[in-house]
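Participant: Just dropping this structure here.
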Amino acid sequence: MKGKICMVTGATSGIGEVTARTLAQMGATVIVVGRSSERSAATVEHIRQQTGNPTVEFMLADLSSQKEIRRLAQQFRSRYQHLHLLVNNAGGLFTARQQSVDGIEMTFALNHLGYFLLTNLLLDTLKASAPARIVNVAASAHRFVRGVNFDDLQGQARYSGLQAYAQSKLCNLLFTYELARRLEGTGVTVNALHPGVVATRFGHNNRGLAGMLARLSNLIAISPERGARTIIYLATFSGVEGVTGQYFVNKKKAPSSPASLDRTSAIRLWRVSEAMTGLSA
């Protein structure tokens, strides 16, 4: 990974931090993306000390905000001409319905549109850096929904935090598969993965029973180091070079749900996402 430039979102804790640290250990230039200046700076300093790699820095962005995503992409492009690896990892679960600064339901805004917009804004740089890789952190929770509810995409008529999360993870897969089709022949690959149930602060932002259950799940969850293994595998292993449009669990290709393979839904989601992010012509 020496000489490779890598961006990891949601990298100030959990599997994102482990991924960033491992890439730094391998000699890569790593851009840690986080929301908090203090936490991002502390993470970068910690990684530099642990790895002895000075080419680790942070860039700030709330990835539920399209304005901040655009600013992040512009900041990156102004400093780097190449991007060899993009790891889309930042996400959340919200039991109470919230809206982003753009007026979009928070789960959809962060977990799906964040991946979609940032990736598309950096695609030209990734193509210019080929061979390059995109790794999207999805989840087995995508199986909990039968399809994308386009009639109530943002849960305005009826909202369930778990359903919204599961739908967003289904969107991650639909996006991954459609992007892989569109990137054929470019030298840029894109794959998705389920990291497992990982002991992190994920879900701790919620109050009441949901927050308590998130904390209790850590008692039986795997470590962030173990949870990051498949991300690192897809990001660095020579054996998956050229492999694209696949879903991985425990470093192995795995079948995803029938709904995730629906090309009609994938195309519709792409068009809706373009419209919601202002990327459509």
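Ordered as shown in the structure tokens, chains take letters A, B, and onward, while each chain numbers its residues from 1 and ligands are numbered from 1 in the order shown.
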Excluding stretch 170-186 of chain A and any residue of its chain fewer than 5 positions from it, enumerate the residues within 6 Å of it, using only C-alpha atoms, and give them as a PyMOL selection string.

Facilitator: chain A and resi 138+142+245+260+266

Participant: Taking N, CA and C atoms for each residue, export the selection above as a PDB file, in the first residue's frame.

Facilitator:
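Resulting contents of out_37.pdb:
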ATOM      1  N   ALA A 138     -21.841  -2.423   4.200  1.00  0.00           N
ATOM      2  CA  ALA A 138     -23.283  -2.660   4.236  1.00  0.00           C
ATOM      3  C   ALA A 138     -23.591  -3.449   5.515  1.00  0.00           C
ATOM      4  N   HIS A 142     -29.815  -5.857   5.626  1.00  0.00           N
ATOM      5  CA  HIS A 142     -30.528  -5.568   4.372  1.00  0.00           C
ATOM      6  C   HIS A 142     -31.605  -6.614   4.092  1.00  0.00           C
ATOM      7  N   GLY A 245     -18.510  -5.734  -7.867  1.00  0.00           N
ATOM      8  CA  GLY A 245     -19.939  -5.996  -7.804  1.00  0.00           C
ATOM      9  C   GLY A 245     -20.307  -7.200  -6.973  1.00  0.00           C
ATOM     10  N   SER A 260     -31.896  -7.173  -3.324  1.00  0.00           N
ATOM     11  CA  SER A 260     -30.670  -6.421  -3.631  1.00  0.00           C
ATOM     12  C   SER A 260     -30.205  -6.636  -5.063  1.00  0.00           C
ATOM     13  N   ALA A 266     -32.535  -0.875  -8.636  1.00  0.00           N
ATOM     14  CA  ALA A 266     -31.221  -0.223  -8.590  1.00  0.00           C
ATOM     15  C   ALA A 266     -31.204   1.017  -9.477  1.00  0.00           C
TER      16      ALA A 266
END

Participant: Skip A:Ala139 itself and residues of its chain fewer than 5 positions away, then list as a list of chain:residue names all residues within 7 Å of it, counting only C-alpha atoms.

Facilitator: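 Counting only the stated atoms, we get A:Lys169, A:Leu193, A:His194, A:Pro195.
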
Participant: May I ask which of the residues A:Gln156, A:Asn136, A:Thr29, A:Ser40 is the closest one to A:Asn88, counting only C-alpha atoms?

Facilitator: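 Closest candidate: A:Asn136.
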